[in-house]
Each structure stands twice: as structure tokens, then as C-alpha cells.
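Containing JSON, C-alpha atoms: coords22.json.
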[["chain", "number", "residue", "atom", "x", "y", "z"],
["A", 1, "MET", "CA", 78.73, 111.33, 94.05],
["A", 2, "SER", "CA", 81.86, 112.78, 92.51],
["A", 3, "LEU", "CA", 85.24, 114.41, 93.05],
["A", 4, "GLU", "CA", 86.85, 117.34, 91.24],
["A", 5, "VAL", "CA", 90.65, 117.38, 90.89],
["A", 6, "LEU", "CA", 91.99, 120.67, 92.26],
["A", 7, "GLU", "CA", 95.68, 119.74, 92.33],
["A", 8, "PRO", "CA", 97.11, 116.73, 90.47],
["A", 9, "GLY", "CA", 99.18, 114.05, 92.15],
["A", 10, "LEU", "CA", 102.36, 112.41, 90.93],
["A", 11, "LEU", "CA", 100.54, 109.58, 89.12],
["A", 12, "THR", "CA", 96.90, 108.78, 89.79],
["A", 13, "THR", "CA", 94.96, 106.51, 87.47],
["A", 14, "VAL", "CA", 91.71, 104.57, 87.41],
["A", 15, "GLN", "CA", 92.43, 100.87, 87.97],
["A", 16, "ASP", "CA", 90.44, 97.69, 88.59],
["A", 17, "ALA", "CA", 91.42, 94.02, 88.44],
["A", 18, "GLY", "CA", 92.92, 94.44, 84.97],
["A", 19, "ARG", "CA", 92.81, 92.53, 81.67],
["A", 20, "PRO", "CA", 94.27, 89.06, 82.36],
["A", 21, "ASP", "CA", 92.25, 87.52, 79.51],
["A", 22, "TRP", "CA", 93.94, 89.62, 76.81],
["A", 23, "THR", "CA", 97.62, 88.85, 77.32],
["A", 24, "HIS", "CA", 97.55, 86.37, 74.43],
["A", 25, "ILE", "CA", 97.43, 89.33, 72.02],
["A", 26, "GLY", "CA", 100.13, 91.27, 73.82],
["A", 27, "VAL", "CA", 97.96, 93.43, 76.10],
["A", 28, "PRO", "CA", 99.53, 93.69, 79.58],
["A", 29, "SER", "CA", 97.30, 92.46, 82.38],
["A", 30, "GLY", "CA", 97.43, 95.93, 83.95],
["A", 31, "GLY", "CA", 95.00, 96.90, 86.69],
["A", 32, "ALA", "CA", 95.91, 97.74, 90.26],
["A", 33, "CYS", "CA", 99.52, 97.04, 91.22],
["A", 34, "ASP", "CA", 98.35, 96.11, 94.73],
["A", 35, "ARG", "CA", 95.13, 94.18, 94.16],
["A", 36, "TRP", "CA", 94.75, 93.32, 97.81],
["A", 37, "SER", "CA", 94.51, 97.00, 98.72],
["A", 38, "LEU", "CA", 92.19, 97.63, 95.75],
["A", 39, "SER", "CA", 89.89, 94.92, 97.09],
["A", 40, "VAL", "CA", 89.98, 96.24, 100.67],
["A", 41, "ALA", "CA", 89.23, 99.82, 99.58],
["A", 42, "ASN", "CA", 86.32, 98.63, 97.48],
["A", 43, "VAL", "CA", 84.81, 96.47, 100.19],
["A", 44, "LEU", "CA", 85.07, 99.38, 102.64],
["A", 45, "ALA", "CA", 83.15, 101.51, 100.13],
["A", 46, "GLY", "CA", 80.46, 98.85, 99.68],
["A", 47, "ASN", "CA", 81.63, 97.71, 96.24],
["A", 48, "ARG", "CA", 82.67, 94.43, 94.70],
["A", 49, "PRO", "CA", 86.38, 93.81, 95.34],
["A", 50, "ASP", "CA", 87.29, 94.21, 91.66],
["A", 51, "ALA", "CA", 85.47, 97.51, 91.02],
["A", 52, "ALA", "CA", 87.35, 100.45, 89.51],
["A", 53, "ALA", "CA", 89.04, 102.77, 92.01],
["A", 54, "LEU", "CA", 91.81, 105.38, 92.01],
["A", 55, "GLU", "CA", 95.43, 104.27, 92.40],
["A", 56, "MET", "CA", 97.52, 107.15, 93.82],
["A", 57, "THR", "CA", 101.32, 106.88, 93.70],
["A", 58, "LEU", "CA", 103.53, 108.53, 96.37],
["A", 59, "VAL", "CA", 101.71, 111.90, 96.17],
["A", 60, "GLY", "CA", 97.99, 111.94, 95.61],
["A", 61, "GLU", "CA", 95.49, 114.54, 94.44],
["A", 62, "THR", "CA", 93.70, 117.32, 96.21],
["A", 63, "PHE", "CA", 89.97, 116.89, 95.52],
["A", 64, "ARG", "CA", 86.85, 118.94, 96.03],
["A", 65, "VAL", "CA", 83.96, 116.74, 97.14],
["A", 66, "LEU", "CA", 80.94, 117.71, 95.02],
["A", 67, "ALA", "CA", 78.30, 115.66, 96.85],
["A", 68, "PRO", "CA", 78.21, 113.71, 100.13],
["A", 69, "LEU", "CA", 79.90, 110.38, 99.68],
["A", 70, "ARG", "CA", 81.53, 107.41, 101.31],
["A", 71, "ILE", "CA", 85.08, 106.51, 100.32],
["A", 72, "GLY", "CA", 87.16, 103.46, 101.13],
["A", 73, "LEU", "CA", 90.92, 103.84, 101.54],
["A", 74, "ALA", "CA", 93.60, 101.15, 101.62],
["A", 75, "GLY", "CA", 97.25, 100.64, 100.84],
["A", 76, "ALA", "CA", 99.88, 103.32, 101.45],
["A", 77, "ASP", "CA", 99.38, 106.11, 103.96],
["A", 78, "LEU", "CA", 99.76, 109.29, 101.86],
["A", 79, "GLY", "CA", 98.86, 111.65, 104.68],
["A", 80, "GLY", "CA", 95.22, 111.97, 103.63],
["A", 81, "HIS", "CA", 93.14, 114.55, 105.47],
["A", 82, "VAL", "CA", 90.15, 116.86, 105.20],
["A", 83, "ARG", "CA", 91.71, 120.26, 104.64],
["A", 84, "GLU", "CA", 88.98, 122.29, 106.37],
["A", 85, "THR", "CA", 89.02, 120.31, 109.61],
["A", 86, "GLY", "CA", 92.37, 118.55, 109.61],
["A", 87, "ALA", "CA", 90.59, 115.24, 110.18],
["A", 88, "PRO", "CA", 92.87, 112.38, 109.05],
["A", 89, "LEU", "CA", 91.84, 109.99, 106.29],
["A", 90, "ARG", "CA", 93.62, 106.82, 107.29],
["A", 91, "PRO", "CA", 93.95, 103.70, 105.11],
["A", 92, "GLY", "CA", 92.07, 100.57, 106.09],
["A", 93, "ARG", "CA", 88.94, 102.59, 106.83],
["A", 94, "SER", "CA", 85.86, 104.06, 105.20],
["A", 95, "HIS", "CA", 85.14, 107.75, 105.58],
["A", 96, "LEU", "CA", 81.95, 109.77, 105.14],
["A", 97, "ILE", "CA", 82.82, 113.07, 103.47],
["A", 98, "ALA", "CA", 80.55, 116.13, 103.44],
["A", 99, "ALA", "CA", 79.80, 118.02, 100.22],
["A", 100, "GLY", "CA", 82.06, 121.01, 99.73],
["A", 101, "SER", "CA", 84.95, 119.47, 101.64],
["A", 102, "THR", "CA", 88.50, 119.44, 100.29],
["A", 103, "ILE", "CA", 90.43, 116.22, 100.75],
["A", 104, "ALA", "CA", 94.17, 116.03, 100.13],
["A", 105, "PHE", "CA", 96.80, 113.26, 99.93],
["A", 106, "PRO", "CA", 100.13, 115.14, 99.98],
["A", 107, "GLY", "CA", 102.34, 112.12, 100.59],
["A", 108, "VAL", "CA", 104.70, 111.38, 103.46],
["A", 109, "PRO", "CA", 108.48, 110.89, 103.46],
["A", 110, "ASP", "CA", 108.43, 107.60, 105.40],
["A", 111, "ALA", "CA", 109.31, 104.74, 103.05],
["A", 112, "ALA", "CA", 107.48, 102.34, 105.35],
["A", 113, "ALA", "CA", 104.22, 104.15, 104.50],
["A", 114, "GLY", "CA", 104.16, 102.41, 101.13],
["A", 115, "ALA", "CA", 104.01, 103.63, 97.55],
["A", 116, "ARG", "CA", 100.41, 103.26, 96.36],
["A", 117, "ALA", "CA", 97.09, 104.17, 97.94],
["A", 118, "TYR", "CA", 93.65, 103.14, 96.71],
["A", 119, "LEU", "CA", 90.60, 105.39, 96.94],
["A", 120, "ALA", "CA", 87.27, 103.76, 96.16],
["A", 121, "LEU", "CA", 84.01, 105.67, 95.69],
["A", 122, "ALA", "CA", 80.81, 104.05, 96.86],
["A", 123, "GLY", "CA", 79.28, 102.69, 93.66],
["A", 124, "GLY", "CA", 82.57, 102.28, 91.78],
["A", 125, "ILE", "CA", 84.17, 104.77, 89.36],
["A", 126, "ASP", "CA", 82.24, 105.51, 86.18],
["A", 127, "VAL", "CA", 84.51, 105.23, 83.14],
["A", 128, "PRO", "CA", 83.96, 103.19, 79.95],
["A", 129, "THR", "CA", 84.85, 99.52, 79.76],
["A", 130, "VAL", "CA", 87.59, 98.71, 77.24],
["A", 131, "LEU", "CA", 88.60, 95.06, 76.70],
["A", 132, "ASP", "CA", 86.55, 93.96, 79.71],
["A", 133, "SER", "CA", 88.17, 96.43, 82.11],
["A", 134, "ARG", "CA", 88.02, 100.04, 83.25],
["A", 135, "SER", "CA", 91.75, 100.11, 84.02],
["A", 136, "THR", "CA", 94.07, 102.73, 82.55],
["A", 137, "ALA", "CA", 96.64, 101.33, 80.10],
["A", 138, "LEU", "CA", 99.14, 104.20, 80.15],
["A", 139, "ALA", "CA", 101.51, 102.96, 77.44],
["A", 140, "ALA", "CA", 98.66, 102.36, 74.97],
["A", 141, "ALA", "CA", 96.62, 105.39, 76.14],
["A", 142, "PHE", "CA", 93.28, 103.63, 76.54],
["A", 143, "GLY", "CA", 90.96, 102.75, 79.38],
["A", 144, "GLY", "CA", 90.37, 104.68, 82.58],
["A", 145, "LEU", "CA", 89.94, 108.42, 82.05],
["A", 146, "ASP", "CA", 91.00, 108.90, 78.41],
["A", 147, "GLY", "CA", 93.93, 106.53, 78.89],
["A", 148, "ARG", "CA", 95.88, 108.95, 81.09],
["A", 149, "ALA", "CA", 96.60, 110.06, 84.62],
["A", 150, "LEU", "CA", 94.24, 112.47, 86.38],
["A", 151, "ARG", "CA", 94.86, 116.19, 85.95],
["A", 152, "THR", "CA", 93.45, 119.46, 87.26],
["A", 153, "GLY", "CA", 89.79, 119.95, 86.42],
["A", 154, "ASP", "CA", 88.94, 116.28, 85.95],
["A", 155, "ILE", "CA", 85.66, 115.06, 87.46],
["A", 156, "VAL", "CA", 85.66, 111.53, 88.86],
["A", 157, "GLY", "CA", 82.12, 110.21, 89.24],
["A", 158, "ALA", "CA", 80.56, 107.07, 90.66],
["A", 159, "MET", "CA", 78.78, 104.33, 88.72],
["A", 160, "ARG", "CA", 75.71, 104.74, 90.92],
["A", 161, "PRO", "CA", 75.47, 108.48, 91.60],
["A", 162, "GLY", "CA", 72.00, 108.07, 93.05],
["A", 163, "ALA", "CA", 73.00, 105.46, 95.61],
["A", 164, "SER", "CA", 72.99, 106.55, 99.22],
["A", 165, "SER", "CA", 75.51, 105.31, 101.74],
["A", 166, "PRO", "CA", 74.60, 102.14, 103.63],
["A", 167, "PRO", "CA", 73.51, 102.44, 107.25],
["A", 168, "SER", "CA", 76.56, 103.38, 109.33],
["A", 169, "PRO", "CA", 77.61, 101.82, 112.61],
["A", 170, "PRO", "CA", 78.48, 104.12, 115.51],
["A", 171, "GLY", "CA", 81.77, 105.98, 115.15],
["A", 172, "ALA", "CA", 83.74, 107.35, 112.24],
["A", 173, "GLY", "CA", 83.16, 104.76, 109.55],
["A", 174, "LEU", "CA", 84.13, 101.15, 109.01],
["A", 175, "VAL", "CA", 87.55, 99.72, 109.85],
["A", 176, "TRP", "CA", 89.06, 96.76, 108.04],
["A", 177, "PRO", "CA", 89.87, 93.92, 110.47],
["A", 178, "ASP", "CA", 93.52, 94.14, 111.51],
["A", 179, "ALA", "CA", 93.95, 97.37, 109.49],
["A", 180, "ASP", "CA", 96.74, 98.50, 111.80],
["A", 181, "VAL", "CA", 98.65, 95.21, 111.64],
["A", 182, "ASP", "CA", 100.82, 94.67, 108.57],
["A", 183, "ASP", "CA", 104.28, 93.43, 107.77],
["A", 184, "PRO", "CA", 105.61, 95.59, 104.91],
["A", 185, "GLY", "CA", 109.23, 94.90, 105.85],
["A", 186, "ARG", "CA", 109.16, 91.12, 105.71],
["A", 187, "PRO", "CA", 110.93, 89.20, 102.92],
["A", 188, "ILE", "CA", 108.96, 88.76, 99.72],
["A", 189, "ARG", "CA", 108.33, 85.13, 98.87],
["A", 190, "VAL", "CA", 109.33, 83.77, 95.46],
["A", 191, "VAL", "CA", 109.37, 80.42, 93.69],
["A", 192, "ALA", "CA", 112.39, 79.42, 91.64],
["A", 193, "GLY", "CA", 112.34, 80.40, 87.98],
["A", 194, "PRO", "CA", 113.49, 78.44, 84.91],
["A", 195, "SER", "CA", 116.97, 80.04, 84.96],
["A", 196, "ASN", "CA", 119.66, 79.50, 87.60],
["A", 197, "GLY", "CA", 120.30, 82.41, 89.95],
["A", 198, "THR", "CA", 117.61, 82.07, 92.60],
["A", 199, "ALA", "CA", 120.23, 81.45, 95.28],
["A", 200, "ASP", "CA", 121.99, 84.72, 94.40],
["A", 201, "LEU", "CA", 118.68, 86.61, 94.55],
["A", 202, "VAL", "CA", 117.75, 85.43, 98.04],
["A", 203, "ALA", "CA", 121.28, 85.70, 99.47],
["A", 204, "VAL", "CA", 121.46, 89.48, 99.82],
["A", 205, "PRO", "CA", 119.24, 92.54, 100.36],
["A", 206, "TRP", "CA", 118.36, 94.69, 97.36],
["A", 207, "ARG", "CA", 117.48, 98.35, 96.99],
["A", 208, "VAL", "CA", 114.74, 99.66, 94.69],
["A", 209, "ALA", "CA", 116.32, 101.94, 92.09],
["A", 210, "SER", "CA", 114.97, 105.23, 90.80],
["A", 211, "GLY", "CA", 113.17, 104.87, 87.49],
["A", 212, "SER", "CA", 111.03, 102.01, 88.79],
["A", 213, "ASP", "CA", 107.39, 102.22, 87.72],
["A", 214, "ARG", "CA", 104.25, 100.17, 87.03],
["A", 215, "VAL", "CA", 106.20, 98.15, 84.46],
["A", 216, "GLY", "CA", 108.81, 96.94, 86.91],
["A", 217, "LEU", "CA", 111.12, 97.57, 89.85],
["A", 218, "ARG", "CA", 114.83, 97.81, 89.09],
["A", 219, "LEU", "CA", 116.88, 96.39, 91.94],
["A", 220, "ASP", "CA", 120.37, 97.55, 92.90],
["A", 221, "GLY", "CA", 122.83, 95.05, 94.37],
["A", 222, "PRO", "CA", 125.54, 92.61, 93.32],
["A", 223, "PRO", "CA", 125.07, 91.39, 89.74],
["A", 224, "ILE", "CA", 123.45, 88.01, 89.26],
["A", 225, "SER", "CA", 125.02, 85.61, 86.80],
["A", 226, "ALA", "CA", 121.99, 83.77, 85.45],
["A", 227, "THR", "CA", 122.16, 80.71, 83.22],
["A", 228, "PRO", "CA", 121.05, 80.22, 80.56],
["A", 229, "GLY", "CA", 122.21, 83.72, 79.59],
["A", 230, "SER", "CA", 120.48, 86.69, 77.98],
["A", 231, "ASP", "CA", 120.34, 85.28, 74.41],
["A", 232, "LEU", "CA", 117.13, 83.37, 74.99],
["A", 233, "PRO", "CA", 114.23, 83.26, 72.52],
["A", 234, "SER", "CA", 111.24, 85.28, 73.74],
["A", 235, "PHE", "CA", 108.81, 83.44, 75.98],
["A", 236, "GLY", "CA", 105.76, 84.38, 78.04],
["A", 237, "VAL", "CA", 106.31, 86.31, 81.26],
["A", 238, "VAL", "CA", 103.93, 87.31, 84.02],
["A", 239, "PRO", "CA", 103.77, 90.07, 86.65],
["A", 240, "GLY", "CA", 106.04, 89.07, 89.50],
["A", 241, "ALA", "CA", 108.67, 87.47, 87.26],
["A", 242, "ILE", "CA", 112.19, 88.59, 88.18],
["A", 243, "GLN", "CA", 114.28, 88.97, 85.06],
["A", 244, "VAL", "CA", 118.04, 89.43, 84.82],
["A", 245, "PRO", "CA", 119.27, 91.47, 81.84],
["A", 246, "ALA", "CA", 122.84, 91.27, 80.56],
["A", 247, "GLY", "CA", 124.17, 93.66, 83.22],
["A", 248, "GLY", "CA", 123.07, 91.32, 86.01],
["A", 249, "GLY", "CA", 120.72, 93.76, 87.76],
["A", 250, "PRO", "CA", 117.35, 92.08, 88.41],
["A", 251, "ILE", "CA", 114.03, 93.64, 87.39],
["A", 252, "ALA", "CA", 110.84, 92.58, 89.21],
["A", 253, "LEU", "CA", 107.98, 92.89, 86.74],
["A", 254, "LEU", "CA", 104.76, 94.61, 87.78],
["A", 255, "VAL", "CA", 101.32, 94.64, 86.17],
["A", 256, "ASP", "CA", 102.11, 96.88, 83.16],
["A", 257, "ALA", "CA", 105.04, 94.71, 82.06],
["A", 258, "GLN", "CA", 105.29, 93.24, 78.58],
["A", 259, "THR", "CA", 103.75, 89.82, 78.04],
["A", 260, "THR", "CA", 106.87, 88.22, 76.50],
["A", 261, "GLY", "CA", 110.60, 88.59, 77.11],
["A", 262, "GLY", "CA", 113.97, 87.03, 76.41],
["A", 263, "TYR", "CA", 115.86, 87.72, 79.64],
["A", 264, "PRO", "CA", 116.49, 84.88, 82.10],
["A", 265, "VAL", "CA", 113.85, 84.59, 84.84],
["A", 266, "VAL", "CA", 115.48, 83.55, 88.10],
["A", 267, "ALA", "CA", 112.34, 83.65, 90.26],
["A", 268, "VAL", "CA", 108.67, 84.60, 90.31],
["A", 269, "THR", "CA", 107.03, 86.51, 93.16],
["A", 270, "ILE", "CA", 104.12, 84.56, 94.62],
["A", 271, "ALA", "CA", 100.68, 86.06, 93.97],
["A", 272, "ALA", "CA", 99.98, 86.69, 97.66],
["A", 273, "ASP", "CA", 103.08, 88.89, 97.95],
["A", 274, "MET", "CA", 102.57, 91.01, 94.84],
["A", 275, "ARG", "CA", 100.97, 93.58, 97.16],
["A", 276, "LEU", "CA", 104.28, 93.93, 99.02],
["A", 277, "LEU", "CA", 106.22, 94.30, 95.79],
["A", 278, "ALA", "CA", 103.80, 97.00, 94.61],
["A", 279, "GLN", "CA", 104.28, 99.05, 97.80],
["A", 280, "LEU", "CA", 108.08, 99.39, 97.51],
["A", 281, "ARG", "CA", 109.29, 102.95, 96.99],
["A", 282, "PRO", "CA", 112.53, 103.92, 95.24],
["A", 283, "GLY", "CA", 115.27, 103.60, 97.82],
["A", 284, "ALA", "CA", 113.45, 100.94, 99.85],
["A", 285, "GLU", "CA", 115.35, 97.80, 100.86],
["A", 286, "VAL", "CA", 113.87, 94.42, 100.06],
["A", 287, "ARG", "CA", 114.85, 90.81, 100.63],
["A", 288, "PHE", "CA", 113.51, 87.68, 98.95],
["A", 289, "VAL", "CA", 112.99, 84.18, 100.31],
["A", 290, "GLU", "CA", 112.37, 81.03, 98.27],
["A", 291, "VAL", "CA", 109.26, 78.96, 98.98],
["A", 292, "SER", "CA", 107.62, 75.96, 97.37],
["A", 293, "ILE", "CA", 104.75, 76.06, 94.92],
["A", 294, "ARG", "CA", 102.62, 74.41, 97.61],
["A", 295, "GLU", "CA", 103.39, 77.27, 100.02],
["A", 296, "ALA", "CA", 102.60, 79.79, 97.29],
["A", 297, "THR", "CA", 99.24, 78.13, 96.62],
["A", 298, "ASP", "CA", 98.37, 77.97, 100.32],
["A", 299, "ALA", "CA", 99.24, 81.68, 100.72],
["A", 300, "ILE", "CA", 96.92, 82.91, 97.96],
["A", 301, "ARG", "CA", 94.10, 80.70, 99.25],
["A", 302, "GLN", "CA", 94.61, 82.15, 102.73],
["A", 303, "GLN", "CA", 94.59, 85.67, 101.32],
["A", 304, "ALA", "CA", 91.29, 85.00, 99.53],
["A", 305, "ALA", "CA", 89.83, 83.60, 102.76],
["A", 306, "ASP", "CA", 91.03, 86.68, 104.70],
["A", 307, "LEU", "CA", 89.33, 88.97, 102.18],
["A", 308, "GLU", "CA", 86.05, 87.10, 102.46],
["A", 309, "ARG", "CA", 86.28, 87.05, 106.26],
["A", 310, "GLY", "CA", 86.88, 90.78, 106.40],
["A", 311, "ALA", "CA", 84.06, 91.50, 103.95],
["A", 312, "ALA", "CA", 81.67, 89.34, 105.98],
["A", 313, "LEU", "CA", 82.54, 91.15, 109.21],
["A", 314, "LEU", "CA", 81.95, 94.52, 107.57],
["A", 315, "ARG", "CA", 78.63, 93.42, 106.12],
["A", 316, "GLU", "CA", 77.49, 92.36, 109.58],
["A", 317, "SER", "CA", 78.70, 95.51, 111.35],
["A", 318, "ALA", "CA", 77.21, 97.90, 108.78],
["A", 319, "ALA", "CA", 73.96, 95.97, 108.24],
["A", 320, "TRP", "CA", 74.27, 96.53, 104.50],
["A", 321, "ASP", "CA", 71.12, 95.62, 102.59],
["A", 322, "ASP", "CA", 70.96, 93.57, 99.41],
["A", 323, "ALA", "CA", 70.62, 96.65, 97.23],
["A", 324, "TRP", "CA", 73.95, 97.98, 98.48],
["A", 325, "GLN", "CA", 76.02, 94.80, 98.43],
["A", 326, "GLY", "CA", 77.59, 94.23, 95.03],
["A", 327, "ALA", "CA", 77.56, 97.87, 93.91],
["A", 328, "GLY", "CA", 80.34, 99.03, 91.62],
["A", 329, "GLY", "CA", 80.30, 96.97, 88.47]]

Would you mind giving the structure from this file in C-alpha cells?
Amino acid sequence: MSLEVLEPGLLTTVQDAGRPDWTHIGVPSGGACDRWSLSVANVLAGNRPDAAALEMTLVGETFRVLAPLRIGLAGADLGGHVRETGAPLRPGRSHLIAAGSTIAFPGVPDAAAGARAYLALAGGIDVPTVLDSRSTALAAAFGGLDGRALRTGDIVGAMRPGASSPPSPPGAGLVWPDADVDDPGRPIRVVAGPSNGTADLVAVPWRVASGSDRVGLRLDGPPISATPGSDLPSFGVVPGAIQVPAGGGPIALLVDAQTTGGYPVVAVTIAADMRLLAQLRPGAEVRFVEVSIREATDAIRQQAADLERGAALLRESAAWDDAWQGAGG
């Protein structure tokens, strides 16, 4: 089961759950920016939630399907479709694709559609493991497919090319529970950081600036005066931390951010809402709301329970056998 890249996207890379165990030597955690959507796409494809998949940003690839396969899609709606038939490839669903088909993800102008889509192949994507992960580390040029984004002519294959699709329920593939119900416009929850300035952050809406990437989102709005100021000694930072450089414009760190920094941190995005942060396009408006650490903990536990509930419902509806469950190492 494999795909051939006919036309490259804006930025498509192989990503999994990242390298959180290597930050002590300065390696960014990396992996999927939106790990919830990575997990959903993988479960829809019959894989473990943390298996390697493709992360497509704003405009995805056009692929030729080289053998029949099942894909799982989640995250942003990039206008996916089968070119020969016009059949839509919607997120939150699995799709059975015939050999010889051309599938395209041209992107859509609607900011509410999100920024990043995840395409999982049944069996998981077959690339080497580097530092316990198959994720692409773009800045260091390792992992994934030769440490880079996909380009024309690349072949993306599955870990288990001989695996057949699991028995299918009636209809056009599996649908993630509540796939059509989301709240991308709601405020993103944060906990207060070690520097003053949280009140300024949550008081006004912000707009995502151009130049934002997997390292971080630059936010336009009134400058924040954070104390202590910008002359801090370097200390450990994590994805979701919201730093304030000397100019007062906050930067919300994403998964490819550095592991240490000396700018004030006025807040940290809660883990359960990192998926919302990851789906913000340049020009999108965002608001933040402060919550307690207890609320943050409850939210990530609820998210984990929702993932397990959805996976259990899919297993029951598809009657997956033991040989299929857990594919995609």
C-alpha cells in the first residue's frame, strides 16, 4: 500500500507522537502539531494512535494511489477529493481508495477549515526510526523522509504493505464519533506562567501573524509588558508556552520550538487545547482564557477518555480482528 507524490503541497511531512524523551539534550519534542487529529486519523486507519502519518499544511499533495488502501483523515478540511470521480475525502472519516486513483488536497480559503490535516495509511508509514521516532525534524534535517518535506516523485509506503483492510461496515467507511461537531473558534485555555502579563493576554483578541510555523505562532495585538523583563537567564520551555520578547508581541510555541529560552513566559496553553493552537492559520483571530491547573488536568484526562471511547466504538462497528488492531508501529 503506497502513494506517489504527483504534485507537492505547501509543507507535508511525516510525523508521529514526537521525541519528548530527548529534550534534555536540546532536541525539540517535534511530532504532530495537532496530536489529537494524528490519533484520530490513525485510529480510523486501524493503527495505534501514535503511528507515523502525513501532516499536510494549508495545501496538501496530489497523490497517485499505487495499490488499494484504506486511509484515515482528520484535522483541517483541505478540500480532499478523488480527482477521477469528484468524491469528497472528508476529515473525521476513513476512506477506501482504489488502485490507480488520484487523490488531491488543494486547500480551501476558509480560515475556519483549519491549518493542518492528517492522512494515515493503514499499517502506518514506513520510514526509519531516529531517536525513538519517525517524525521529521526539519531544522536538523533528520527523521521522516530524509529529514525534509515531501516532493514530486516521492513514494510513501505503509509499514505493513501486505496487510489487507479490516472488514468494512456498510456505507462509505468509518466515521469518527461527533466528527462534524467541533469548536475551533472557542477561546484557548491557558494556565498562568511564571512572568506577569497573563491578564493582558486574556483581555483582548489576537491575530495570527504571517511567518508563523511549526516553531511558533506570532500574535499581533497590543504589546504586553511582562515582568520580569526580557533579560532572564535561559530556562526550559515547552510547546504551548507563550513567550513575550522585548517588543511585547507574544509568541505561542509549537512542537518544533527550542527547548530553552530567556523570554518571559506569561502563560502556557493546556495540553488538551494544543490541537486548537495548531489549527490556527495566519490571519485567524484567537482569544485566550485562564484556567486552573486542576481544570487543565481534567481536560487532558477527558480528551484521553474521548479518544478511547471513539476507538472502542470503531472497533465494534468494523469488527476488527486482533491481527489488525495495533498495526502501525

Option closest in space to A:Arg35, from A:Ala104, A:Ala113, A:Ala304, A:Leu217 [counting all atoms listed in the file]: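 Answer, going by the shortest atom-to-atom distance: A:Ala304.
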
Given the point (93.4, 102.8, 87.7) in the coordinates of this file, which residues lie within 8 Å, counting all atoms listed in the file, and how would they look as a VMD selection string? chain A and resid 12 to 16 31 to 32 52 to 55 134 to 136 144

Grab the residues selected above and save them as a compact mmCIF listing (two decimals), in the coordinates of the input with C-alpha atoms.
# COMPACT_ATOMS: atom_id res chain seq x y z
CA THR A 12 96.90 108.78 89.79
CA THR A 13 94.96 106.51 87.47
CA VAL A 14 91.71 104.57 87.41
CA GLN A 15 92.43 100.87 87.97
CA ASP A 16 90.44 97.69 88.59
CA GLY A 31 95.00 96.90 86.69
CA ALA A 32 95.91 97.74 90.26
CA ALA A 52 87.35 100.45 89.51
CA ALA A 53 89.04 102.77 92.01
CA LEU A 54 91.81 105.38 92.01
CA GLU A 55 95.43 104.27 92.40
CA ARG A 134 88.02 100.04 83.25
CA SER A 135 91.75 100.11 84.02
CA THR A 136 94.07 102.73 82.55
CA GLY A 144 90.37 104.68 82.58

Would you mind telling me which residue in A:Val244, A:Leu6, A:Leu174, A:Ala122 lies nearest to A:Leu314 when using all atoms listed in the file?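 The answer is A:Leu174, which sits nearest to A:Leu314.
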
Expressed in Å to a single decimal, how great is the separation between atom CA of A:Ala199 and atom CA of A:Val238?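 Computing the Euclidean distance for atom CA of A:Ala199 and atom CA of A:Val238 yields 20.7 Å.
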
Tell me which protein, DNA and RNA residues are within 6 Å of A:Phe105, counting only C-alpha atoms, leaving out same-chain ones fewer than 4 positions away, and put them as a ChimeraX atom specification. /A:60-61,78-80

Restricting the calculation to only C-alpha atoms: of A:Gly124, A:Pro106, A:Pro68, A:Pro187, which residue gets closest to A:Glu7? A:Pro106

For A:Gly240: contacts at 9 Å, only C-alpha atoms, fewer than 6 positions along chain excluded, given as a count of residues only: 14

Taking 2 positions as the minimum chain separation for residues in the same chain, which residues sit within 10 Å of A:Ala74 when counting all atoms listed in the file? Answer as an MDAnalysis selection string. chainID A and resid 34 36:42 44 55 72 76:77 90:94 116:120 176 179

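Across the structure, atom CA of A:Pro222 and atom CA of A:Pro245 are spaced 13.1 Å apart.
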
A:Gly283, A:Gly310, A:Gly147, A:Gly157: which is nearest A:Ile125, counting only C-alpha atoms?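 Nearest to A:Ile125: A:Gly157.
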
Protein and nucleic acid residues near (114.4, 74.9, 86.6) (cut-off 12 Å, only C-alpha atoms) as a PyMOL selection string: chain A and resi 191-198+226-228+264-268

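Between atom CA of A:Gly221 and atom CA of A:Phe235 there is a distance of 25.9 Å.
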
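Closest approach to A:Asp21 among A:Arg275, A:Gly185, A:Ser210, A:Ser133: A:Ser133, based on all atoms listed in the file.
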
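Minimum distance to A:Val156 across A:Ala137, A:Leu66, A:Leu131, A:Leu58 (counting all atoms listed in the file) occurs at A:Leu66.
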